[in-house]
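Source file: query-v8.cif (mmCIF, C-alpha atoms and all ligand atoms)
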```cif
data_structure
#
loop_
_atom_site.group_PDB
_atom_site.id
_atom_site.type_symbol
_atom_site.label_atom_id
_atom_site.label_comp_id
_atom_site.auth_asym_id
_atom_site.auth_seq_id
_atom_site.Cartn_x
_atom_site.Cartn_y
_atom_site.Cartn_z
ATOM 1 C CA MET A 16 107.067 38.274 125.658
ATOM 2 C CA ASP A 17 109.827 39.293 123.313
ATOM 3 C CA ARG A 18 109.830 43.106 123.199
ATOM 4 C CA ILE A 19 110.574 43.220 119.473
ATOM 5 C CA ALA A 20 107.539 41.075 118.714
ATOM 6 C CA ALA A 21 105.436 43.382 120.874
ATOM 7 C CA HIS A 22 105.175 46.209 118.350
ATOM 8 C CA ASP A 23 104.237 45.881 114.682
ATOM 9 C CA SER A 24 105.691 48.752 112.695
ATOM 10 C CA VAL A 25 102.881 50.537 110.897
ATOM 11 C CA LEU A 26 102.916 51.114 107.105
ATOM 12 C CA LEU A 27 106.391 49.579 106.900
ATOM 13 C CA SER A 28 106.623 48.888 103.166
ATOM 14 C CA GLU A 29 104.849 52.167 102.371
ATOM 15 C CA VAL A 30 107.453 54.106 104.372
ATOM 16 C CA VAL A 31 110.326 52.343 102.619
ATOM 17 C CA GLN A 32 108.749 52.983 99.236
ATOM 18 C CA LEU A 33 108.119 56.645 99.997
ATOM 19 C CA LEU A 34 111.557 57.390 101.411
ATOM 20 C CA ALA A 35 113.325 55.354 98.724
ATOM 21 C CA PRO A 36 116.328 54.735 101.001
ATOM 22 C CA ALA A 37 118.459 52.906 98.396
ATOM 23 C CA GLY A 38 121.756 54.733 98.054
ATOM 24 C CA ARG A 39 120.926 57.323 100.698
ATOM 25 C CA HIS A 40 123.658 58.026 103.228
ATOM 26 C CA VAL A 41 122.201 59.587 106.339
ATOM 27 C CA LEU A 42 118.967 58.120 107.697
ATOM 28 C CA LEU A 43 117.242 59.747 110.655
ATOM 29 C CA ASP A 44 114.572 57.975 112.686
ATOM 30 C CA CYS A 45 113.015 60.501 115.073
ATOM 31 C CA THR A 46 110.988 57.833 116.927
ATOM 32 C CA VAL A 47 113.165 54.748 116.703
ATOM 33 C CA GLY A 48 110.990 52.803 119.173
ATOM 34 C CA LEU A 49 111.737 49.112 118.789
ATOM 35 C CA GLY A 50 113.665 49.746 115.592
ATOM 36 C CA GLY A 51 111.248 48.302 113.019
ATOM 37 C CA HIS A 52 111.278 51.191 110.562
ATOM 38 C CA ALA A 53 114.980 51.763 111.232
ATOM 39 C CA GLU A 54 115.840 48.163 110.407
ATOM 40 C CA ALA A 55 113.821 48.180 107.178
ATOM 41 C CA MET A 56 115.422 51.450 106.095
ATOM 42 C CA LEU A 57 118.938 50.228 106.819
ATOM 43 C CA GLN A 58 118.256 47.032 104.876
ATOM 44 C CA ALA A 59 116.935 48.984 101.895
ATOM 45 C CA ALA A 60 119.589 51.706 101.987
ATOM 46 C CA GLY A 61 122.612 49.480 101.455
ATOM 47 C CA PRO A 62 126.021 49.219 103.097
ATOM 48 C CA HIS A 63 127.000 52.882 102.964
ATOM 49 C CA ALA A 64 124.089 54.243 104.935
ATOM 50 C CA ARG A 65 124.235 55.198 108.583
ATOM 51 C CA LEU A 66 121.277 55.717 110.865
ATOM 52 C CA ILE A 67 120.706 58.185 113.656
ATOM 53 C CA GLY A 68 117.884 57.098 115.959
ATOM 54 C CA ILE A 69 116.106 59.136 118.605
ATOM 55 C CA ASP A 70 113.717 58.127 121.383
ATOM 56 C CA LEU A 71 112.717 59.393 124.803
ATOM 57 C CA ASP A 72 112.197 55.878 126.134
ATOM 58 C CA GLU A 73 115.396 54.253 127.375
ATOM 59 C CA GLY A 74 113.833 50.768 127.355
ATOM 60 C CA ASN A 75 112.881 51.112 123.714
ATOM 61 C CA LEU A 76 116.331 52.437 122.835
ATOM 62 C CA LEU A 77 117.819 49.304 124.392
ATOM 63 C CA ALA A 78 115.474 47.098 122.385
ATOM 64 C CA ALA A 79 116.323 49.047 119.212
ATOM 65 C CA LYS A 80 120.032 48.646 119.962
ATOM 66 C CA ARG A 81 119.581 44.875 120.154
ATOM 67 C CA ARG A 82 117.542 44.707 116.989
ATOM 68 C CA LEU A 83 119.931 46.909 115.039
ATOM 69 C CA ALA A 84 123.033 45.029 116.297
ATOM 70 C CA PRO A 85 123.820 43.667 112.785
ATOM 71 C CA PHE A 86 124.321 47.304 111.688
ATOM 72 C CA ALA A 87 125.908 48.412 114.975
ATOM 73 C CA ASP A 88 128.887 50.239 113.474
ATOM 74 C CA ARG A 89 126.531 52.364 111.359
ATOM 75 C CA VAL A 90 123.926 53.171 114.000
ATOM 76 C CA ARG A 91 123.924 55.858 116.676
ATOM 77 C CA LEU A 92 121.077 56.063 119.131
ATOM 78 C CA PHE A 93 120.220 59.091 121.252
ATOM 79 C CA LYS A 94 117.973 59.464 124.241
ATOM 80 C CA ALA A 95 116.463 62.788 123.272
ATOM 81 C CA ASN A 96 113.305 64.612 122.333
ATOM 82 C CA PHE A 97 112.810 64.838 118.565
ATOM 83 C CA ALA A 98 111.950 68.495 119.112
ATOM 84 C CA ASP A 99 115.710 68.887 119.666
ATOM 85 C CA VAL A 100 116.587 67.178 116.387
ATOM 86 C CA ARG A 101 119.033 69.952 115.439
ATOM 87 C CA ASP A 102 121.187 69.272 118.504
ATOM 88 C CA VAL A 103 121.075 65.522 117.900
ATOM 89 C CA LEU A 104 122.198 65.832 114.285
ATOM 90 C CA ALA A 105 124.999 68.178 115.327
ATOM 91 C CA GLU A 106 126.131 65.737 118.031
ATOM 92 C CA ALA A 107 126.075 62.907 115.487
ATOM 93 C CA GLY A 108 128.228 65.040 113.195
ATOM 94 C CA ALA A 109 125.682 65.204 110.382
ATOM 95 C CA ALA A 110 124.778 68.432 108.608
ATOM 96 C CA ALA A 111 121.488 67.062 107.303
ATOM 97 C CA ALA A 112 119.677 63.783 106.655
ATOM 98 C CA ASP A 113 118.725 62.189 103.333
ATOM 99 C CA ALA A 114 115.723 60.328 104.736
ATOM 100 C CA ILE A 115 113.745 61.181 107.843
ATOM 101 C CA ILE A 116 110.974 59.144 109.457
ATOM 102 C CA ALA A 117 108.791 60.065 112.433
ATOM 103 C CA ASP A 118 106.240 57.481 113.550
ATOM 104 C CA LEU A 119 104.386 59.460 116.176
ATOM 105 C CA GLY A 120 102.714 58.493 119.397
ATOM 106 C CA VAL A 121 102.927 55.486 121.576
ATOM 107 C CA ALA A 122 104.420 52.054 120.826
ATOM 108 C CA SER A 123 102.350 48.946 121.537
ATOM 109 C CA ASN A 124 104.796 47.669 124.143
ATOM 110 C CA GLN A 125 104.417 50.960 126.049
ATOM 111 C CA LEU A 126 100.637 50.763 125.767
ATOM 112 C CA ASP A 127 100.567 47.154 126.943
ATOM 113 C CA ASP A 128 102.773 47.682 130.003
ATOM 114 C CA PRO A 129 100.467 48.508 132.945
ATOM 115 C CA GLN A 130 103.375 50.148 134.792
ATOM 116 C CA ARG A 131 103.513 52.879 132.151
ATOM 117 C CA GLY A 132 99.927 53.944 132.783
ATOM 118 C CA PHE A 133 98.953 54.580 129.141
ATOM 119 C CA SER A 134 95.968 52.245 129.222
ATOM 120 C CA PHE A 135 93.182 51.259 131.570
ATOM 121 C CA ALA A 136 93.016 47.707 130.222
ATOM 122 C CA ALA A 137 95.017 46.670 133.286
ATOM 123 C CA ASP A 138 95.465 48.684 136.457
ATOM 124 C CA GLY A 139 98.656 50.682 136.868
ATOM 125 C CA PRO A 140 100.039 53.988 138.064
ATOM 126 C CA LEU A 141 98.809 57.016 136.099
ATOM 127 C CA ASP A 142 102.156 57.862 134.525
ATOM 128 C CA MET A 143 101.945 58.193 130.686
ATOM 129 C CA ARG A 144 105.395 59.740 130.208
ATOM 130 C CA PHE A 145 107.391 58.577 127.184
ATOM 131 C CA ASP A 146 110.425 59.242 129.331
ATOM 132 C CA PRO A 147 109.637 57.723 132.726
ATOM 133 C CA GLN A 148 112.668 59.501 134.173
ATOM 134 C CA ALA A 149 111.554 63.062 133.508
ATOM 135 C CA GLY A 150 108.623 65.427 133.523
ATOM 136 C CA THR A 151 105.161 65.497 135.018
ATOM 137 C CA THR A 152 103.033 62.354 135.286
ATOM 138 C CA ALA A 153 99.345 62.178 134.412
ATOM 139 C CA ALA A 154 98.612 61.722 138.137
ATOM 140 C CA ASP A 155 100.463 64.978 138.917
ATOM 141 C CA LEU A 156 98.570 66.741 136.151
ATOM 142 C CA ILE A 157 95.097 65.685 137.226
ATOM 143 C CA GLY A 158 95.982 66.358 140.855
ATOM 144 C CA ARG A 159 97.159 69.870 140.162
ATOM 145 C CA LEU A 160 95.155 71.431 137.317
ATOM 146 C CA GLY A 161 92.037 73.483 137.885
ATOM 147 C CA GLU A 162 88.672 72.236 136.650
ATOM 148 C CA SER A 163 88.527 74.511 133.617
ATOM 149 C CA GLU A 164 92.101 73.677 132.557
ATOM 150 C CA LEU A 165 91.317 69.970 132.811
ATOM 151 C CA ALA A 166 88.126 70.431 130.815
ATOM 152 C CA GLU A 167 90.029 72.321 128.126
ATOM 153 C CA ILE A 168 92.698 69.634 127.792
ATOM 154 C CA ILE A 169 90.113 66.853 127.588
ATOM 155 C CA TYR A 170 88.098 68.809 125.021
ATOM 156 C CA LYS A 171 90.985 70.027 122.886
ATOM 157 C CA TYR A 172 93.181 66.929 122.824
ATOM 158 C CA GLY A 173 90.516 64.279 123.293
ATOM 159 C CA GLN A 174 87.714 65.922 121.288
ATOM 160 C CA GLU A 175 85.502 64.752 124.144
ATOM 161 C CA ARG A 176 82.075 66.379 124.247
ATOM 162 C CA TYR A 177 81.578 65.585 127.931
ATOM 163 C CA SER A 178 84.851 67.248 128.916
ATOM 164 C CA ARG A 179 83.263 69.607 131.476
ATOM 165 C CA ARG A 180 81.362 66.849 133.241
ATOM 166 C CA ILE A 181 84.505 64.696 133.318
ATOM 167 C CA ALA A 182 86.644 67.538 134.710
ATOM 168 C CA ARG A 183 84.012 68.219 137.393
ATOM 169 C CA ALA A 184 83.951 64.531 138.364
ATOM 170 C CA ILE A 185 87.769 64.402 138.561
ATOM 171 C CA VAL A 186 87.937 67.479 140.778
ATOM 172 C CA SER A 187 85.213 66.129 143.028
ATOM 173 C CA ALA A 188 86.806 62.661 143.288
ATOM 174 C CA ARG A 189 90.284 63.983 144.064
ATOM 175 C CA LYS A 190 88.930 65.867 147.104
ATOM 176 C CA GLY A 191 88.508 62.467 148.744
ATOM 177 C CA ARG A 192 91.924 61.140 147.807
ATOM 178 C CA PRO A 193 94.404 61.569 144.951
ATOM 179 C CA ILE A 194 93.594 59.768 141.693
ATOM 180 C CA GLU A 195 96.703 57.718 141.059
ATOM 181 C CA ARG A 196 95.616 54.567 139.212
ATOM 182 C CA THR A 197 94.468 54.058 135.637
ATOM 183 C CA VAL A 198 91.441 51.989 136.556
ATOM 184 C CA SER A 199 90.193 54.541 139.129
ATOM 185 C CA LEU A 200 90.423 57.305 136.544
ATOM 186 C CA ALA A 201 88.644 55.198 133.912
ATOM 187 C CA ARG A 202 85.850 54.539 136.404
ATOM 188 C CA ILE A 203 85.484 58.231 137.269
ATOM 189 C CA VAL A 204 85.399 59.190 133.577
ATOM 190 C CA SER A 205 82.813 56.536 132.702
ATOM 191 C CA GLY A 206 80.655 57.612 135.609
ATOM 192 C CA ALA A 207 80.711 61.222 134.412
ATOM 193 C CA ILE A 208 79.379 60.357 130.968
ATOM 194 C CA PRO A 209 75.586 60.087 130.686
ATOM 195 C CA ALA A 210 74.494 56.444 130.680
ATOM 196 C CA GLY A 211 72.998 56.687 127.181
ATOM 197 C CA ALA A 212 76.245 58.023 125.724
ATOM 198 C CA ARG A 213 78.412 55.595 127.668
ATOM 199 C CA LYS A 214 77.645 52.671 125.380
ATOM 200 C CA THR A 215 80.897 51.979 123.629
ATOM 201 C CA ARG A 216 80.923 53.431 120.155
ATOM 202 C CA ARG A 217 82.461 50.858 117.813
ATOM 203 C CA GLY A 218 84.005 49.185 120.839
ATOM 204 C CA VAL A 219 85.648 52.409 122.060
ATOM 205 C CA HIS A 220 85.682 52.602 125.870
ATOM 206 C CA PRO A 221 84.221 55.864 127.213
ATOM 207 C CA ALA A 222 87.551 56.783 128.866
ATOM 208 C CA THR A 223 89.623 56.383 125.693
ATOM 209 C CA ARG A 224 89.390 60.017 124.608
ATOM 210 C CA THR A 225 90.259 61.337 128.076
ATOM 211 C CA PHE A 226 93.288 59.034 128.277
ATOM 212 C CA GLN A 227 94.437 60.200 124.831
ATOM 213 C CA ALA A 228 94.036 63.832 125.893
ATOM 214 C CA LEU A 229 96.067 63.357 129.071
ATOM 215 C CA ARG A 230 98.827 61.533 127.212
ATOM 216 C CA ILE A 231 99.085 64.360 124.682
ATOM 217 C CA ALA A 232 99.249 66.926 127.486
ATOM 218 C CA VAL A 233 101.728 64.983 129.651
ATOM 219 C CA ASN A 234 104.148 64.643 126.733
ATOM 220 C CA ASP A 235 103.389 67.991 125.045
ATOM 221 C CA GLU A 236 102.972 65.960 121.886
ATOM 222 C CA LEU A 237 101.658 68.759 119.702
ATOM 223 C CA GLY A 238 104.282 71.240 120.892
ATOM 224 C CA ASN A 239 107.047 68.735 120.168
ATOM 225 C CA LEU A 240 105.608 67.927 116.753
ATOM 226 C CA GLU A 241 105.515 71.623 115.873
ATOM 227 C CA ARG A 242 109.145 72.031 116.880
ATOM 228 C CA LEU A 243 110.083 69.008 114.790
ATOM 229 C CA LEU A 244 108.164 70.346 111.790
ATOM 230 C CA ALA A 245 109.848 73.755 112.160
ATOM 231 C CA ALA A 246 113.307 72.146 112.151
ATOM 232 C CA LEU A 247 112.568 69.652 109.396
ATOM 233 C CA PRO A 248 113.272 71.720 106.247
ATOM 234 C CA GLU A 249 116.745 72.604 107.450
ATOM 235 C CA MET A 250 117.464 69.076 108.686
ATOM 236 C CA LEU A 251 116.570 67.576 105.324
ATOM 237 C CA ALA A 252 119.283 67.546 102.645
ATOM 238 C CA VAL A 253 118.302 68.866 99.211
ATOM 239 C CA GLY A 254 116.782 65.867 97.410
ATOM 240 C CA GLY A 255 116.090 64.244 100.775
ATOM 241 C CA ARG A 256 112.713 62.894 101.806
ATOM 242 C CA ALA A 257 110.742 62.973 105.044
ATOM 243 C CA ALA A 258 107.798 60.807 106.085
ATOM 244 C CA ILE A 259 105.550 61.319 109.073
ATOM 245 C CA ILE A 260 102.988 58.867 110.403
ATOM 246 C CA SER A 261 100.340 60.398 112.641
ATOM 247 C CA PHE A 262 97.498 58.814 114.561
ATOM 248 C CA HIS A 263 94.965 61.563 115.113
ATOM 249 C CA SER A 264 93.615 64.542 113.275
ATOM 250 C CA LEU A 265 95.311 67.147 115.484
ATOM 251 C CA GLU A 266 98.700 65.791 114.434
ATOM 252 C CA ASP A 267 97.811 65.139 110.821
ATOM 253 C CA ARG A 268 96.524 68.693 110.352
ATOM 254 C CA ARG A 269 99.824 70.118 111.584
ATOM 255 C CA VAL A 270 101.853 67.874 109.274
ATOM 256 C CA LYS A 271 99.627 68.725 106.320
ATOM 257 C CA VAL A 272 99.949 72.484 106.911
ATOM 258 C CA ALA A 273 103.729 72.363 107.428
ATOM 259 C CA PHE A 274 104.249 70.363 104.220
ATOM 260 C CA ALA A 275 101.889 72.634 102.263
ATOM 261 C CA ASP A 276 103.828 75.703 103.486
ATOM 262 C CA LEU A 277 107.098 74.201 102.327
ATOM 263 C CA ALA A 278 105.597 73.393 98.943
ATOM 264 C CA ALA A 279 104.108 76.904 98.655
ATOM 265 C CA GLN A 280 107.574 78.375 99.283
ATOM 266 C CA GLY A 281 108.870 76.270 96.397
ATOM 267 C CA ARG A 282 111.229 74.393 98.735
ATOM 268 C CA GLY A 283 109.407 71.082 98.929
ATOM 269 C CA GLY A 284 107.470 68.715 96.729
ATOM 270 C CA ILE A 285 104.598 66.853 98.354
ATOM 271 C CA LEU A 286 104.857 63.084 97.769
ATOM 272 C CA THR A 287 101.413 62.166 99.096
ATOM 273 C CA LYS A 288 98.535 64.202 97.686
ATOM 274 C CA LYS A 289 96.305 62.356 100.104
ATOM 275 C CA PRO A 290 97.675 60.705 103.227
ATOM 276 C CA VAL A 291 98.498 57.027 102.786
ATOM 277 C CA ALA A 292 96.435 54.700 105.003
ATOM 278 C CA ALA A 293 97.023 51.084 105.953
ATOM 279 C CA THR A 294 95.615 48.367 103.733
ATOM 280 C CA VAL A 295 92.564 46.399 104.838
ATOM 281 C CA ASP A 296 94.876 43.488 105.535
ATOM 282 C CA GLU A 297 97.194 45.521 107.778
ATOM 283 C CA LYS A 298 94.239 47.055 109.624
ATOM 284 C CA ARG A 299 92.937 43.573 110.312
ATOM 285 C CA LYS A 300 96.274 42.290 111.556
ATOM 286 C CA ASN A 301 97.243 45.397 113.506
ATOM 287 C CA PRO A 302 94.350 47.470 114.881
ATOM 288 C CA ARG A 303 96.782 50.276 115.829
ATOM 289 C CA SER A 304 97.249 50.950 112.104
ATOM 290 C CA ARG A 305 93.565 51.825 111.625
ATOM 291 C CA SER A 306 94.010 55.513 112.302
ATOM 292 C CA ALA A 307 97.514 55.844 110.816
ATOM 293 C CA LYS A 308 98.109 58.504 108.173
ATOM 294 C CA LEU A 309 101.389 58.758 106.310
ATOM 295 C CA ARG A 310 102.485 61.964 104.579
ATOM 296 C CA GLY A 311 105.722 62.547 102.708
ATOM 297 C CA ILE A 312 107.692 65.459 101.299
ATOM 298 C CA GLU A 313 110.875 65.875 99.290
ATOM 299 C CA ARG A 314 113.116 68.877 99.739
ATOM 300 C CA ILE A 315 113.685 70.489 96.364
ATOM 301 C CA VAL A 316 115.920 73.480 97.171
HETATM 302 C C1 LIG A 401 105.031 54.418 117.411
HETATM 303 S S1 LIG A 401 106.506 54.249 118.304
HETATM 304 C C2 LIG A 401 107.727 54.029 117.053
HETATM 305 C C3 LIG A 401 107.907 52.608 116.611
HETATM 306 C C4 LIG A 401 109.011 52.400 115.596
HETATM 307 N N1 LIG A 401 108.784 53.157 114.387
HETATM 308 C C5 LIG A 401 109.181 50.924 115.274
HETATM 309 O O1 LIG A 401 109.012 50.550 114.099
HETATM 310 O O2 LIG A 401 109.506 50.148 116.172
HETATM 311 C C6 LIG A 401 106.813 55.874 118.823
HETATM 312 C C7 LIG A 401 108.067 56.054 119.670
HETATM 313 O O3 LIG A 401 108.332 57.459 119.731
HETATM 314 C C8 LIG A 401 108.788 57.789 121.009
HETATM 315 N N2 LIG A 401 108.500 59.222 121.178
HETATM 316 C C9 LIG A 401 107.306 59.818 121.308
HETATM 317 N N3 LIG A 401 107.452 61.145 121.367
HETATM 318 C C10 LIG A 401 108.779 61.404 121.283
HETATM 319 C C11 LIG A 401 109.560 62.592 121.263
HETATM 320 N N4 LIG A 401 108.995 63.793 121.381
HETATM 321 N N5 LIG A 401 110.892 62.473 121.102
HETATM 322 C C12 LIG A 401 111.477 61.254 120.981
HETATM 323 N N6 LIG A 401 110.788 60.094 120.987
HETATM 324 C C13 LIG A 401 109.456 60.171 121.139
HETATM 325 C C14 LIG A 401 108.035 56.864 121.942
HETATM 326 O O4 LIG A 401 108.748 56.665 123.140
HETATM 327 C C15 LIG A 401 107.953 55.572 121.103
HETATM 328 O O5 LIG A 401 109.018 54.696 121.398
#
```
Rewrite the coordinates I just gave you, this time as structure tokens.
Ligand SMILES: C[S@@+](CC[C@H](N)C(=O)[O-])C[C@H]1O[C@@H](n2cnc3c(N)ncnc32)[C@H](O)[C@@H]1O
Amino acid sequence: MDRIAAHDSVLLSEVVQLLAPAGRHVLLDCTVGLGGHAEAMLQAAGPHARLIGIDLDEGNLLAAKRRLAPFADRVRLFKANFADVRDVLAEAGAAAADAIIADLGVASNQLDDPQRGFSFAADGPLDMRFDPQAGTTAADLIGRLGESELAEIIYKYGQERYSRRIARAIVSARKGRPIERTVSLARIVSGAIPAGARKTRRGVHPATRTFQALRIAVNDELGNLERLLAALPEMLAVGGRAAIISFHSLEDRRVKVAFADLAAQGRGGILTKKPVAATVDEKRKNPRSRSAKLRGIERIV
């Protein structure tokens, strides 16, 4: 399948409206992915804008490069962590950006590729790294962590009430042999949840929360988001706007607090009193948009 068609950019027109790219010069996409938001921003910004795009996933950067080919002389893509946004901007020779977007989490093409290990819909290696060339895989993590550490991760990042039972089941299963496949882990998790509670809630598989928790831990998603949020005020030009799309409450809370702090200091104006959600139509067409929350801020001084 065409990789570009394999990910629908969430809240696309809402992001463009919020960031008002027209006439802006430096656009920064912290999660360029397959380039959907980047392309829309470049189209709206006009011929003088340039875009700096960041992603940890080399495959997605390649796809973004192809998609953004019509703007090639005004686009620079970096394989980097958005937590290091300061270094990227410096390397791109930009002091600050006029519009910043971060569309957090996992892209649909990553989720749908069994080799990446993000999902148990098809069997694959338990990887879950955004950058498959670096860092610890989910298999390493669940092979190495103690029972209480595992339980804490599953509880904190997955908000899973059966975290202790799941951690116990993982530790017991790995004594036999290492847990290395998505489907084996999903089976172990399901088996650890009491039968009555296992019934899928609104179609949610019982292993979904544990998989989310492991993905967040493998990629240090909250740590990276905090580093991005800390760098953001400085990276944003005065009058510039930033938009962040998050997909779960742990992320959204951090964005909300960081924006509120900036507003309280008199340095930023909040553009979204309440987070913007997808329309009913978008939610129907793209289930991934159901949990999306968009928040925006403008730097005032
Ligand atoms: C939801 S997708 C972005 C999709 C993109 N907005 C589009 O329209 O095609 C999120 C992307 O962020 C990347 N990513 C996640 N965490 C990252 C991080 N800390 N630094 C850089 N990229 C990251 C993932 O690899 C993925 O490609």
- Message: Around ligand LIG 401 (chain A), which protein and nucleic acid residues have at least one atom no more than 7 Å from it, if we count all atoms listed in the file? List them as a ChimeraX atom specification.
- Response: /A:22-25,45-53,69-72,75,95-98,118-122,145-146,236,239
- Which one is closest to A:Ala232: A:Gly206, A:Gly150, A:Gly191, A:Pro248? Count all atoms listed in the file.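 Ranking A:Gly206, A:Gly150, A:Gly191, A:Pro248 by distance to A:Ala232, first place goes to A:Gly150.
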- Mind checking which residues fall within 12 Å of A:Phe133, counting only C-alpha atoms, ignoring those fewer than 2 positions away in the same chain, and posting them as a PyMOL selection string? chain A and resi 120-131+135-145+147+152-154+196-198+200-201+222-231+233-234
Spatial neighbours of A:Ala112, max dist 8 Å, only C-alpha atoms, sep filter under 6 positions, as a short mmCIF file (atom, residue, chain, number, x, y, z; two decimals) with C-alpha atoms, in the frame of the given file:
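Below is the file that was written, around23.cif:
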```
data_model
loop_
_atom_site.label_atom_id
_atom_site.label_comp_id
_atom_site.auth_asym_id
_atom_site.auth_seq_id
_atom_site.Cartn_x
_atom_site.Cartn_y
_atom_site.Cartn_z
CA HIS A 40 123.66 58.03 103.23
CA VAL A 41 122.20 59.59 106.34
CA LEU A 42 118.97 58.12 107.70
CA LEU A 43 117.24 59.75 110.66
CA MET A 250 117.46 69.08 108.69
CA LEU A 251 116.57 67.58 105.32
CA ALA A 252 119.28 67.55 102.64
CA GLY A 255 116.09 64.24 100.78
#
```
- Residues at most 12 Å from A:Asp113, counting all atoms listed in the file, excluding those fewer than 2 positions away in the same chain, as a VMD selection string? chain A and resid 34 to 44 56 60 64 to 67 109 to 111 115 to 116 247 to 258 312 to 315
- Can you turn the PyMOL selection byres (((chain A and resi 169) around 9) and not hetatm) into a concrete residue list for this file, as number ranges by chain? A: 164-168, 170-179, 181-182, 224-229
Evaluate the PyMOL selection byres (((chain A and resi 304) around 12) and not hetatm) and record the selected residues as an mmCIF file with C-alpha atoms, keeping the file's coordinate frame, following the chain and residue labels used in the document.
```cif
data_model
loop_
_atom_site.group_PDB
_atom_site.id
_atom_site.type_symbol
_atom_site.label_atom_id
_atom_site.label_comp_id
_atom_site.auth_asym_id
_atom_site.auth_seq_id
_atom_site.Cartn_x
_atom_site.Cartn_y
_atom_site.Cartn_z
ATOM 1 C CA HIS A 22 105.175 46.209 118.350
ATOM 2 C CA ASP A 23 104.237 45.881 114.682
ATOM 3 C CA SER A 24 105.691 48.752 112.695
ATOM 4 C CA VAL A 25 102.881 50.537 110.897
ATOM 5 C CA LEU A 26 102.916 51.114 107.105
ATOM 6 C CA LEU A 27 106.391 49.579 106.900
ATOM 7 C CA ASP A 118 106.240 57.481 113.550
ATOM 8 C CA LEU A 119 104.386 59.460 116.176
ATOM 9 C CA GLY A 120 102.714 58.493 119.397
ATOM 10 C CA VAL A 121 102.927 55.486 121.576
ATOM 11 C CA ALA A 122 104.420 52.054 120.826
ATOM 12 C CA SER A 123 102.350 48.946 121.537
ATOM 13 C CA ILE A 260 102.988 58.867 110.403
ATOM 14 C CA SER A 261 100.340 60.398 112.641
ATOM 15 C CA PHE A 262 97.498 58.814 114.561
ATOM 16 C CA HIS A 263 94.965 61.563 115.113
ATOM 17 C CA VAL A 291 98.498 57.027 102.786
ATOM 18 C CA ALA A 292 96.435 54.700 105.003
ATOM 19 C CA ALA A 293 97.023 51.084 105.953
ATOM 20 C CA THR A 294 95.615 48.367 103.733
ATOM 21 C CA VAL A 295 92.564 46.399 104.838
ATOM 22 C CA ASP A 296 94.876 43.488 105.535
ATOM 23 C CA GLU A 297 97.194 45.521 107.778
ATOM 24 C CA LYS A 298 94.239 47.055 109.624
ATOM 25 C CA ARG A 299 92.937 43.573 110.312
ATOM 26 C CA LYS A 300 96.274 42.290 111.556
ATOM 27 C CA ASN A 301 97.243 45.397 113.506
ATOM 28 C CA PRO A 302 94.350 47.470 114.881
ATOM 29 C CA ARG A 303 96.782 50.276 115.829
ATOM 30 C CA ARG A 305 93.565 51.825 111.625
ATOM 31 C CA SER A 306 94.010 55.513 112.302
ATOM 32 C CA ALA A 307 97.514 55.844 110.816
ATOM 33 C CA LYS A 308 98.109 58.504 108.173
ATOM 34 C CA LEU A 309 101.389 58.758 106.310
#
```
Mind giving me the axis-aligned box for stretch 128-131 of chain A with 4 Å on every side, centre plus edges in Å to one decimal, as AutoDock Vina command-line options?
```
--center_x 102.0 --center_y 50.3 --center_z 132.4 --size_x 11.0 --size_y 13.2 --size_z 12.8
```
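When atom CA of A:Ala278 is paired with atom CA of A:Arg310, their separation reads 13.1 Å.
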So that I can see what lies close to A:Ser187, please list as a PDB file with C-alpha atoms, keeping the file's coordinate frame the residues with an atom at most 12 Å from it, counting all atoms listed in the file and leaving out residues fewer than 4 positions away in the same chain.
```pdb
ATOM      1  CA  ILE A 157      95.097  65.685 137.226  1.00  0.00           C
ATOM      2  CA  GLY A 158      95.982  66.358 140.855  1.00  0.00           C
ATOM      3  CA  GLY A 161      92.037  73.483 137.885  1.00  0.00           C
ATOM      4  CA  GLU A 162      88.672  72.236 136.650  1.00  0.00           C
ATOM      5  CA  ARG A 180      81.362  66.849 133.241  1.00  0.00           C
ATOM      6  CA  ILE A 181      84.505  64.696 133.318  1.00  0.00           C
ATOM      7  CA  ALA A 182      86.644  67.538 134.710  1.00  0.00           C
ATOM      8  CA  ARG A 183      84.012  68.219 137.393  1.00  0.00           C
ATOM      9  CA  GLY A 191      88.508  62.467 148.744  1.00  0.00           C
ATOM     10  CA  ARG A 192      91.924  61.140 147.807  1.00  0.00           C
ATOM     11  CA  PRO A 193      94.404  61.569 144.951  1.00  0.00           C
ATOM     12  CA  ILE A 194      93.594  59.768 141.693  1.00  0.00           C
ATOM     13  CA  ILE A 203      85.484  58.231 137.269  1.00  0.00           C
ATOM     14  CA  VAL A 204      85.399  59.190 133.577  1.00  0.00           C
ATOM     15  CA  ALA A 207      80.711  61.222 134.412  1.00  0.00           C
TER      16      ALA A 207
END
```
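Candidate residues A:His63, A:Leu57, A:Lys289, A:Asp99 were compared for distance to A:Leu240, and the nearest is A:Asp99, using only C-alpha atoms.
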- Message: Measuring between all atoms listed in the file, which one of A:Leu244, A:Ile259, A:Leu265, A:Ala55 shows the shortest distance to A:Thr287?
- Response: A:Ile259
